[in-house]
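This is target.cif. It holds mmCIF, C-alpha atoms.
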```cif
data_structure
loop_
_atom_site.label_atom_id
_atom_site.label_comp_id
_atom_site.auth_asym_id
_atom_site.auth_seq_id
_atom_site.Cartn_x
_atom_site.Cartn_y
_atom_site.Cartn_z
CA MET W 29 15.73 -32.41 115.73
CA GLY W 30 18.52 -34.40 114.15
CA GLY W 31 19.88 -35.70 117.43
CA LEU W 32 16.67 -37.65 117.87
CA THR W 33 18.17 -40.30 115.58
CA VAL W 34 20.83 -40.78 118.27
CA TRP W 35 18.31 -40.49 121.12
CA ARG W 36 16.35 -43.33 119.49
CA GLU W 37 19.38 -45.64 119.44
CA VAL W 38 20.40 -44.78 123.02
CA ARG W 39 16.86 -45.46 124.19
CA ARG W 40 16.85 -48.84 122.45
CA ALA W 41 20.23 -49.78 123.91
CA LEU W 42 19.42 -48.56 127.44
CA PRO W 43 15.69 -49.00 128.09
CA ALA W 44 16.03 -48.30 131.84
CA GLU W 45 17.88 -44.98 131.48
CA SER W 46 16.11 -41.65 131.86
CA LEU W 47 17.00 -39.30 129.01
CA VAL W 48 17.00 -35.53 128.75
CA TYR W 49 16.99 -34.30 125.16
CA LEU W 50 17.94 -30.71 124.32
CA GLY W 51 17.07 -29.67 120.79
CA ASP W 52 18.38 -26.25 119.83
CA GLY W 53 15.54 -25.14 117.60
CA LYS W 54 16.42 -21.49 118.21
CA TYR W 55 19.81 -21.53 116.47
CA CYS W 56 19.57 -24.58 114.17
CA PRO W 57 21.10 -25.19 111.69
CA TYR W 58 24.72 -25.06 112.90
CA GLY W 59 26.29 -26.30 109.67
CA SER W 60 27.47 -22.99 108.21
CA ARG W 61 28.04 -21.06 111.46
CA PRO W 62 31.60 -20.02 112.47
CA GLN W 63 33.42 -22.43 114.77
CA ALA W 64 33.54 -19.97 117.68
CA GLU W 65 29.78 -19.54 117.56
CA VAL W 66 29.14 -23.29 117.43
CA GLU W 67 31.50 -23.75 120.37
CA ARG W 68 29.58 -21.14 122.38
CA LEU W 69 26.22 -22.74 121.57
CA ALA W 70 27.48 -26.22 122.43
CA ASP W 71 28.84 -24.93 125.74
CA ALA W 72 25.47 -23.40 126.62
CA ALA W 73 23.73 -26.68 125.80
CA VAL W 74 26.06 -28.81 127.92
CA ALA W 75 25.84 -26.32 130.81
CA ARG W 76 22.07 -26.64 130.75
CA LEU W 77 22.21 -30.43 130.75
CA VAL W 78 24.70 -30.43 133.61
CA GLY W 79 22.37 -28.13 135.51
CA LEU W 80 19.60 -30.68 135.05
CA GLY W 81 21.76 -33.37 136.67
CA CYS W 82 22.85 -35.39 133.64
CA LYS W 83 25.58 -37.95 134.39
CA LEU W 84 26.74 -38.31 130.79
CA VAL W 85 26.27 -36.09 127.75
CA VAL W 86 26.07 -37.06 124.09
CA VAL W 87 26.86 -34.26 121.66
CA ALA W 88 24.37 -35.59 119.10
CA CYS W 89 25.47 -33.21 116.37
CA ASN W 90 28.36 -33.78 113.99
CA THR W 91 28.97 -30.06 113.51
CA ALA W 92 29.07 -29.36 117.25
CA THR W 93 31.37 -32.35 117.75
CA ALA W 94 33.78 -31.14 115.07
CA ALA W 95 33.79 -27.58 116.39
CA ALA W 96 33.65 -28.03 120.14
CA ILE W 97 34.27 -31.55 121.48
CA ASP W 98 37.85 -30.89 122.63
CA PHE W 99 36.82 -27.65 124.35
CA LEU W 100 33.86 -29.35 126.05
CA ARG W 101 35.97 -32.22 127.35
CA ARG W 102 38.47 -29.77 128.84
CA LYS W 103 35.82 -27.60 130.46
CA TYR W 104 33.70 -30.49 131.79
CA ALA W 105 36.59 -32.79 132.62
CA ASP W 106 34.65 -34.84 135.19
CA LEU W 107 31.74 -35.53 132.84
CA PRO W 108 31.79 -38.38 130.29
CA ILE W 109 31.06 -36.75 126.93
CA VAL W 110 30.39 -38.75 123.77
CA GLY W 111 30.71 -37.09 120.38
CA MET W 112 29.74 -38.09 116.87
CA GLU W 113 32.45 -40.00 115.01
CA PRO W 114 32.37 -39.67 111.22
CA ALA W 115 31.47 -43.17 110.03
CA VAL W 116 34.20 -42.98 107.41
CA LYS W 117 36.15 -45.83 109.02
CA PRO W 118 33.47 -48.57 108.69
CA ALA W 119 32.59 -47.33 105.22
CA CYS W 120 36.20 -47.49 104.06
CA LEU W 121 36.73 -50.91 105.64
CA THR W 122 33.68 -52.45 103.94
CA THR W 123 33.57 -50.79 100.51
CA ARG W 124 34.02 -53.10 97.54
CA SER W 125 34.06 -50.45 94.84
CA ARG W 126 36.80 -48.50 96.67
CA VAL W 127 34.66 -45.36 96.44
CA VAL W 128 33.00 -43.91 99.53
CA GLY W 129 30.65 -40.93 99.64
CA VAL W 130 30.32 -38.64 102.65
CA LEU W 131 27.33 -36.38 103.20
CA ALA W 132 27.84 -33.79 105.93
CA THR W 133 27.48 -30.13 106.77
CA GLU W 134 30.05 -27.64 105.52
CA ARG W 135 31.46 -27.16 109.04
CA SER W 136 31.87 -30.92 109.58
CA LEU W 137 33.64 -31.39 106.26
CA GLU W 138 36.05 -28.59 107.17
CA GLY W 139 36.73 -30.08 110.62
CA GLU W 140 39.97 -31.73 111.67
CA LEU W 141 38.12 -34.86 112.84
CA PHE W 142 36.79 -35.61 109.36
CA ARG W 143 40.08 -34.84 107.64
CA ARG W 144 42.05 -36.97 110.07
CA THR W 145 39.68 -39.95 109.78
CA ALA W 146 39.50 -39.73 105.98
CA ALA W 147 43.30 -39.55 105.71
CA ARG W 148 43.79 -42.52 108.02
CA TYR W 149 41.29 -44.93 106.51
CA GLY W 150 40.83 -43.59 102.98
CA HIS W 151 44.42 -43.51 101.74
CA ASP W 152 43.76 -46.05 98.98
CA ILE W 153 40.05 -45.25 98.59
CA GLU W 154 38.36 -42.42 96.74
CA VAL W 155 36.36 -40.37 99.26
CA VAL W 156 33.77 -38.13 97.59
CA ALA W 157 32.35 -35.53 99.98
CA ALA W 158 29.35 -33.27 99.53
CA ALA W 159 27.50 -30.85 101.78
CA GLY W 160 23.86 -31.79 102.37
CA ARG W 161 22.52 -28.34 101.53
CA GLY W 162 18.88 -28.02 102.54
CA PHE W 163 18.78 -31.42 104.29
CA VAL W 164 18.47 -30.03 107.82
CA GLU W 165 15.70 -27.66 106.82
CA LEU W 166 13.72 -30.50 105.21
CA VAL W 167 13.80 -32.46 108.48
CA GLU W 168 13.08 -29.48 110.71
CA GLU W 169 10.03 -28.69 108.57
CA ASN W 170 8.83 -32.33 108.46
CA ARG W 171 9.24 -32.49 104.68
CA GLU W 172 11.55 -35.50 104.53
CA GLN W 173 8.93 -37.59 102.66
CA SER W 174 8.21 -34.92 100.03
CA PRO W 175 9.14 -35.04 96.33
CA GLU W 176 11.30 -32.00 97.06
CA ALA W 177 13.32 -34.10 99.51
CA VAL W 178 14.01 -36.78 96.88
CA ALA W 179 15.13 -34.12 94.41
CA CYS W 180 17.33 -32.38 96.98
CA VAL W 181 19.15 -35.51 98.17
CA GLY W 182 19.38 -36.83 94.62
CA GLU W 183 21.28 -33.73 93.57
CA ALA W 184 23.71 -34.17 96.48
CA ILE W 185 24.53 -37.82 95.82
CA ARG W 186 24.53 -37.76 92.03
CA GLY W 187 28.30 -37.29 91.76
CA MET W 188 29.01 -40.01 94.32
CA LEU W 189 26.86 -42.53 92.49
CA ALA W 190 28.39 -41.57 89.15
CA ARG W 191 31.85 -42.32 90.59
CA GLY W 192 30.67 -45.74 91.77
CA ALA W 193 30.27 -45.19 95.52
CA ASP W 194 28.83 -48.25 97.24
CA ARG W 195 28.90 -46.70 100.74
CA ILE W 196 27.56 -43.26 101.61
CA VAL W 197 28.20 -41.96 105.11
CA LEU W 198 25.46 -39.93 106.79
CA GLY W 199 27.60 -37.32 108.51
CA CYS W 200 24.85 -35.32 110.19
CA THR W 201 22.33 -36.61 112.72
CA HIS W 202 19.46 -35.09 110.72
CA TYR W 203 20.28 -37.17 107.66
CA PRO W 204 18.96 -40.59 108.80
CA PHE W 205 15.48 -39.05 108.76
CA LEU W 206 16.01 -38.74 104.99
CA LEU W 207 16.87 -42.40 104.43
CA ASP W 208 13.69 -43.16 102.49
CA ALA W 209 14.33 -40.21 100.17
CA LEU W 210 17.98 -41.20 99.78
CA ARG W 211 17.09 -44.77 98.88
CA ARG W 212 14.54 -43.59 96.34
CA ALA W 213 17.09 -41.20 94.83
CA ALA W 214 19.67 -44.03 94.66
CA GLU W 215 17.30 -46.60 93.15
CA GLY W 216 19.16 -48.86 90.73
CA HIS W 217 22.51 -48.38 92.46
CA ALA W 218 24.07 -50.91 94.83
CA VAL W 219 24.78 -48.51 97.68
CA GLU W 220 24.53 -48.74 101.46
CA PHE W 221 23.95 -45.70 103.66
CA VAL W 222 26.04 -45.73 106.85
CA ASP W 223 24.44 -44.27 110.00
CA PRO W 224 26.86 -43.79 112.95
CA SER W 225 24.08 -43.55 115.58
CA PRO W 226 24.12 -47.23 116.69
CA ALA W 227 27.88 -47.02 117.29
CA VAL W 228 27.36 -43.91 119.42
CA ALA W 229 24.78 -45.76 121.52
CA ARG W 230 27.23 -48.62 122.02
CA ARG W 231 29.83 -46.12 123.24
CA VAL W 232 27.32 -44.71 125.75
CA VAL W 233 26.70 -48.21 127.11
CA GLU W 234 30.44 -48.83 127.37
CA LEU W 235 31.09 -45.63 129.35
CA LEU W 236 28.14 -46.08 131.70
CA ASP W 237 29.41 -49.55 132.53
CA ARG W 238 33.02 -48.41 132.85
CA TYR W 239 32.13 -45.75 135.42
CA GLY W 240 29.40 -47.70 137.19
CA LEU W 241 26.72 -45.24 136.12
CA ARG W 242 24.16 -47.51 134.46
CA ALA W 243 20.65 -47.39 135.90
CA ALA W 244 19.18 -50.50 137.53
CA ALA W 245 17.45 -52.76 135.01
CA ASP W 246 14.09 -52.44 136.81
CA ARG W 247 14.10 -48.65 136.86
CA THR W 248 11.23 -46.85 135.13
CA PRO W 249 12.75 -44.25 132.79
CA VAL W 250 11.61 -40.65 132.39
CA TYR W 251 12.01 -38.83 129.07
CA ARG W 252 12.32 -35.07 129.13
CA PHE W 253 12.58 -32.65 126.21
CA GLU W 254 14.18 -29.22 126.43
CA THR W 255 14.95 -26.48 123.92
CA PHE W 256 16.34 -22.97 123.60
CA ALA W 257 13.35 -22.23 121.34
CA ASP W 258 9.71 -21.86 122.42
CA GLU W 259 7.17 -24.29 123.85
CA ALA W 260 5.73 -24.98 120.41
CA TYR W 261 9.12 -26.28 119.26
CA ARG W 262 9.53 -28.35 122.41
CA LEU W 263 6.20 -30.04 121.71
CA ARG W 264 7.32 -30.67 118.13
CA LEU W 265 10.40 -32.44 119.54
CA GLU W 266 8.17 -34.71 121.61
CA ARG W 267 6.02 -35.57 118.59
CA LYS W 268 9.07 -36.19 116.38
CA ALA W 269 10.57 -38.46 119.06
CA ALA W 270 7.37 -40.47 119.26
CA SER W 271 7.23 -40.83 115.47
CA CYS W 272 10.81 -42.08 115.13
CA LEU W 273 10.57 -44.99 117.57
#
```
Entire entry expressed as structure tokens:
Amino acid sequence: MGGLTVWREVRRALPAESLVYLGDGKYCPYGSRPQAEVERLADAAVARLVGLGCKLVVVACNTATAAAIDFLRRKYADLPIVGMEPAVKPACLTTRSRVVGVLATERSLEGELFRRTAARYGHDIEVVAAAGRGFVELVEENREQSPEAVACVGEAIRGMLARGADRIVLGCTHYPFLLDALRRAAEGHAVEFVDPSPAVARRVVELLDRYGLRAAADRTPVYRFETFADEAYRLRLERKAASCL
């Protein structure tokens, strides 16, 4: 369900575009799965979207991006594919305390994309990373407003706040659903949470315009929800999408 935070921003940026959303409720979470398995799952997802006629695909998952984006771009060379960029760059460029926190899955933190970005923009900045253990499950189970959620995220960011982080990057698309809990857990600290989803939506707009693929402004969009799980999960995706607008 995490990719719905990206779906929301794409919908806002492109109100005339029809969107097909594929939420892999059958195999989620991806965060601790081996890279080869994540690559296989991402391939199956893109193949399904291509089969449904999609003209551009957003890999709205940081773990899948880290594990599979290069493979996907080679295999589907004629298809514009947008991945999730770790928002380490804007966090490092705007921090005043010179300490940046990064919340992400284990697989994302181990990925070359994160290491490369952190090395490039964080050379004179302390980057404190932590895996958001249990975060995805809280969102999938609609418990992001629970006291348990505040305790869980508070444990994850405690070390970052103690080191003086004033920017914390949300490195998984599920995590923006936990913003209220994160802000409650960080109460009393001057910290900003950085969500990369708006930047991803801007990239989608840029590519649609570059390739002449944008829908006409007067087109009535259709929103479709797909999953590798069952119909009950698909309906949950629809309800979650409606609630996050």
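The space between CA of Val34 (chain W) and CA of His151 (chain W) spans 28.9 Å.
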Can you list every residue of region 148-199 of chain W that has an atom at most 8 Å from region 221-243 of chain W, with its nearest atom pair and the distance in Å to one decimal, using all atoms listed in the file, ordered by chain then number, as CSV?
```
residue,atom,partner,partner_atom,distance
W:Arg195,CA,W:Phe221,CA,5.8
W:Ile196,CA,W:Phe221,CA,4.8
W:Val197,CA,W:Val222,CA,4.7
W:Leu198,CA,W:Asp223,CA,5.5
W:Gly199,CA,W:Asp223,CA,7.8
```
Tell me, as an NGL selection string, which residues lie within 8 Å of Gly30 (chain W), counting only C-alpha atoms; anything in the same chain fewer than 2 positions away does not count. :W and (32-34 or 88-89 or 164 or 167 or 200-203 or 205)
Separation of CA of Leu141 (chain W) from CA of Ala75 (chain W) in Å: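 That distance, rounded to one decimal, is 23.4 Å.
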Choose the residue, out of W:Cys56, W:Val85, W:Ala147, W:Ala159, that has the smallest atom-to-atom separation from Ala105 (chain W); count only C-alpha atoms. W:Val85
For the file shown, report as a list of chain:residue names the outcome of the PyMOL selection byres ((chain W and resi 53) around 9) at residue level. W:Met29, W:Gly51, W:Asp52, W:Lys54, W:Tyr55, W:Cys56, W:Pro57, W:Glu168, W:Thr255, W:Phe256, W:Ala257, W:Asp258, W:Tyr261, W:Arg262
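Shortest atom-to-atom contact with Val128 (chain W) among W:Val78, W:Met188, W:Leu166, W:Val178: W:Met188, counting only C-alpha atoms.
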Residue members of the PyMOL selection byres ((chain W and resi 208) around 12) in the file shown, as a tab-separated table (two decimals) with C-alpha atoms, in the frame of the given file:
```tsv
chain	number	residue	atom	x	y	z
W	171	ARG	CA	9.24	-32.49	104.68
W	172	GLU	CA	11.55	-35.50	104.53
W	173	GLN	CA	8.93	-37.59	102.66
W	174	SER	CA	8.21	-34.92	100.03
W	175	PRO	CA	9.14	-35.04	96.33
W	177	ALA	CA	13.32	-34.10	99.51
W	178	VAL	CA	14.01	-36.78	96.88
W	181	VAL	CA	19.15	-35.51	98.17
W	182	GLY	CA	19.38	-36.83	94.62
W	203	TYR	CA	20.28	-37.17	107.66
W	204	PRO	CA	18.96	-40.59	108.80
W	205	PHE	CA	15.48	-39.05	108.76
W	206	LEU	CA	16.01	-38.74	104.99
W	207	LEU	CA	16.87	-42.40	104.43
W	209	ALA	CA	14.33	-40.21	100.17
W	210	LEU	CA	17.98	-41.20	99.78
W	211	ARG	CA	17.09	-44.77	98.88
W	212	ARG	CA	14.54	-43.59	96.34
W	213	ALA	CA	17.09	-41.20	94.83
W	214	ALA	CA	19.67	-44.03	94.66
W	215	GLU	CA	17.30	-46.60	93.15
W	221	PHE	CA	23.95	-45.70	103.66
```
With a distance cut-off of 12 Å and only C-alpha atoms, select the neighbouring residues of Gly139 (chain W), excluding the residue or stretch itself and same-chain residues fewer than 6 positions from it, and output the selection as a PDB file with C-alpha atoms, in the coordinates of the input.
```
ATOM      1  CA  GLY W  59      26.290 -26.300 109.670  1.00  0.00           C
ATOM      2  CA  SER W  60      27.470 -22.990 108.210  1.00  0.00           C
ATOM      3  CA  PRO W  62      31.600 -20.020 112.470  1.00  0.00           C
ATOM      4  CA  GLN W  63      33.420 -22.430 114.770  1.00  0.00           C
ATOM      5  CA  ASN W  90      28.360 -33.780 113.990  1.00  0.00           C
ATOM      6  CA  THR W  91      28.970 -30.060 113.510  1.00  0.00           C
ATOM      7  CA  ALA W  92      29.070 -29.360 117.250  1.00  0.00           C
ATOM      8  CA  THR W  93      31.370 -32.350 117.750  1.00  0.00           C
ATOM      9  CA  ALA W  94      33.780 -31.140 115.070  1.00  0.00           C
ATOM     10  CA  ALA W  95      33.790 -27.580 116.390  1.00  0.00           C
ATOM     11  CA  ALA W  96      33.650 -28.030 120.140  1.00  0.00           C
ATOM     12  CA  ILE W  97      34.270 -31.550 121.480  1.00  0.00           C
ATOM     13  CA  GLU W 113      32.450 -40.000 115.010  1.00  0.00           C
ATOM     14  CA  PRO W 114      32.370 -39.670 111.220  1.00  0.00           C
ATOM     15  CA  ALA W 132      27.840 -33.790 105.930  1.00  0.00           C
ATOM     16  CA  THR W 133      27.480 -30.130 106.770  1.00  0.00           C
ATOM     17  CA  THR W 145      39.680 -39.950 109.780  1.00  0.00           C
ATOM     18  CA  ALA W 146      39.500 -39.730 105.980  1.00  0.00           C
ATOM     19  CA  GLY W 199      27.600 -37.320 108.510  1.00  0.00           C
TER      20      GLY W 199
END
```
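Distance-wise, CA of Asp194 (chain W) and CA of Gly31 (chain W) end up 25.4 Å apart.
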Considering only C-alpha atoms, state which residue in the set W:Ala190, W:Ile185, W:Val86, W:Ala158 is at the smallest distance from Trp35 (chain W). W:Val86
Of the candidates W:Arg135, W:Arg267, W:Arg39, W:Arg247, which one gets nearest to Val66 (chain W) if we count all atoms listed in the file?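 Smallest distance to Val66 (chain W) is found for W:Arg135.
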Shell around Cys120 (chain W) at 9 Å using all atoms listed in the file, local window under 5 positions removed, as JSON, numbers by chain: {"W": [115, 126, 127, 128, 146, 149, 150, 153, 155, 195]}
I need the residues from that last selection saved to file as a CSV table (one decimal), in the frame of the given file (with C-alpha atoms), if you can.
```
chain,number,residue,atom,x,y,z
W,115,ALA,CA,31.5,-43.2,110.0
W,126,ARG,CA,36.8,-48.5,96.7
W,127,VAL,CA,34.7,-45.4,96.4
W,128,VAL,CA,33.0,-43.9,99.5
W,146,ALA,CA,39.5,-39.7,106.0
W,149,TYR,CA,41.3,-44.9,106.5
W,150,GLY,CA,40.8,-43.6,103.0
W,153,ILE,CA,40.0,-45.2,98.6
W,155,VAL,CA,36.4,-40.4,99.3
W,195,ARG,CA,28.9,-46.7,100.7
```
The residues within 8 Å of (13.5, -38.8, 135.2), using only C-alpha atoms and the coordinates of the file, should be reported as a ChimeraX atom specification; which are they? /W:46-47,249-252
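Ranking W:Tyr49, W:Leu137, W:Arg40, W:Arg76 by their shortest atom-to-atom distance to Glu266 (chain W), with all atoms listed in the file included, puts W:Tyr49 first.
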Mind completing region 257-270 of chain W with N, CA, C and O atoms? Output as an mmCIF file, keeping the file's coordinate frame, please?
```
data_model
loop_
_atom_site.group_PDB
_atom_site.id
_atom_site.type_symbol
_atom_site.label_atom_id
_atom_site.label_comp_id
_atom_site.auth_asym_id
_atom_site.auth_seq_id
_atom_site.Cartn_x
_atom_site.Cartn_y
_atom_site.Cartn_z
ATOM 1 N N ALA W 257 14.427 -22.873 122.083
ATOM 2 C CA ALA W 257 13.350 -22.230 121.340
ATOM 3 C C ALA W 257 12.116 -22.124 122.241
ATOM 4 O O ALA W 257 12.219 -22.135 123.464
ATOM 5 N N ASP W 258 10.932 -22.061 121.640
ATOM 6 C CA ASP W 258 9.710 -21.860 122.420
ATOM 7 C C ASP W 258 9.016 -23.184 122.731
ATOM 8 O O ASP W 258 9.467 -24.261 122.323
ATOM 9 N N GLU W 259 7.907 -23.091 123.451
ATOM 10 C CA GLU W 259 7.170 -24.290 123.850
ATOM 11 C C GLU W 259 6.628 -25.043 122.651
ATOM 12 O O GLU W 259 6.555 -26.279 122.664
ATOM 13 N N ALA W 260 6.245 -24.318 121.610
ATOM 14 C CA ALA W 260 5.730 -24.980 120.410
ATOM 15 C C ALA W 260 6.799 -25.900 119.811
ATOM 16 O O ALA W 260 6.498 -27.019 119.377
ATOM 17 N N TYR W 261 8.049 -25.445 119.792
ATOM 18 C CA TYR W 261 9.120 -26.280 119.260
ATOM 19 C C TYR W 261 9.373 -27.474 120.167
ATOM 20 O O TYR W 261 9.617 -28.589 119.696
ATOM 21 N N ARG W 262 9.313 -27.246 121.476
ATOM 22 C CA ARG W 262 9.530 -28.350 122.410
ATOM 23 C C ARG W 262 8.495 -29.454 122.197
ATOM 24 O O ARG W 262 8.822 -30.645 122.214
ATOM 25 N N LEU W 263 7.258 -29.050 121.967
ATOM 26 C CA LEU W 263 6.200 -30.040 121.710
ATOM 27 C C LEU W 263 6.437 -30.752 120.383
ATOM 28 O O LEU W 263 6.147 -31.947 120.254
ATOM 29 N N ARG W 264 6.974 -30.040 119.407
ATOM 30 C CA ARG W 264 7.320 -30.670 118.130
ATOM 31 C C ARG W 264 8.401 -31.728 118.334
ATOM 32 O O ARG W 264 8.380 -32.783 117.699
ATOM 33 N N LEU W 265 9.361 -31.448 119.225
ATOM 34 C CA LEU W 265 10.400 -32.440 119.540
ATOM 35 C C LEU W 265 9.771 -33.709 120.102
ATOM 36 O O LEU W 265 10.151 -34.821 119.711
ATOM 37 N N GLU W 266 8.834 -33.537 121.012
ATOM 38 C CA GLU W 266 8.170 -34.710 121.610
ATOM 39 C C GLU W 266 7.462 -35.535 120.541
ATOM 40 O O GLU W 266 7.543 -36.760 120.537
ATOM 41 N N ARG W 267 6.761 -34.852 119.637
ATOM 42 C CA ARG W 267 6.020 -35.570 118.590
ATOM 43 C C ARG W 267 6.994 -36.268 117.623
ATOM 44 O O ARG W 267 6.751 -37.404 117.210
ATOM 45 N N LYS W 268 8.086 -35.602 117.296
ATOM 46 C CA LYS W 268 9.070 -36.190 116.380
ATOM 47 C C LYS W 268 9.712 -37.420 117.026
ATOM 48 O O LYS W 268 9.939 -38.450 116.367
ATOM 49 N N ALA W 269 10.000 -37.314 118.333
ATOM 50 C CA ALA W 269 10.570 -38.460 119.060
ATOM 51 C C ALA W 269 9.629 -39.648 119.022
ATOM 52 O O ALA W 269 10.046 -40.790 118.795
ATOM 53 N N ALA W 270 8.352 -39.386 119.259
ATOM 54 C CA ALA W 270 7.370 -40.470 119.260
ATOM 55 C C ALA W 270 7.262 -41.112 117.875
ATOM 56 O O ALA W 270 7.107 -42.334 117.736
#
```
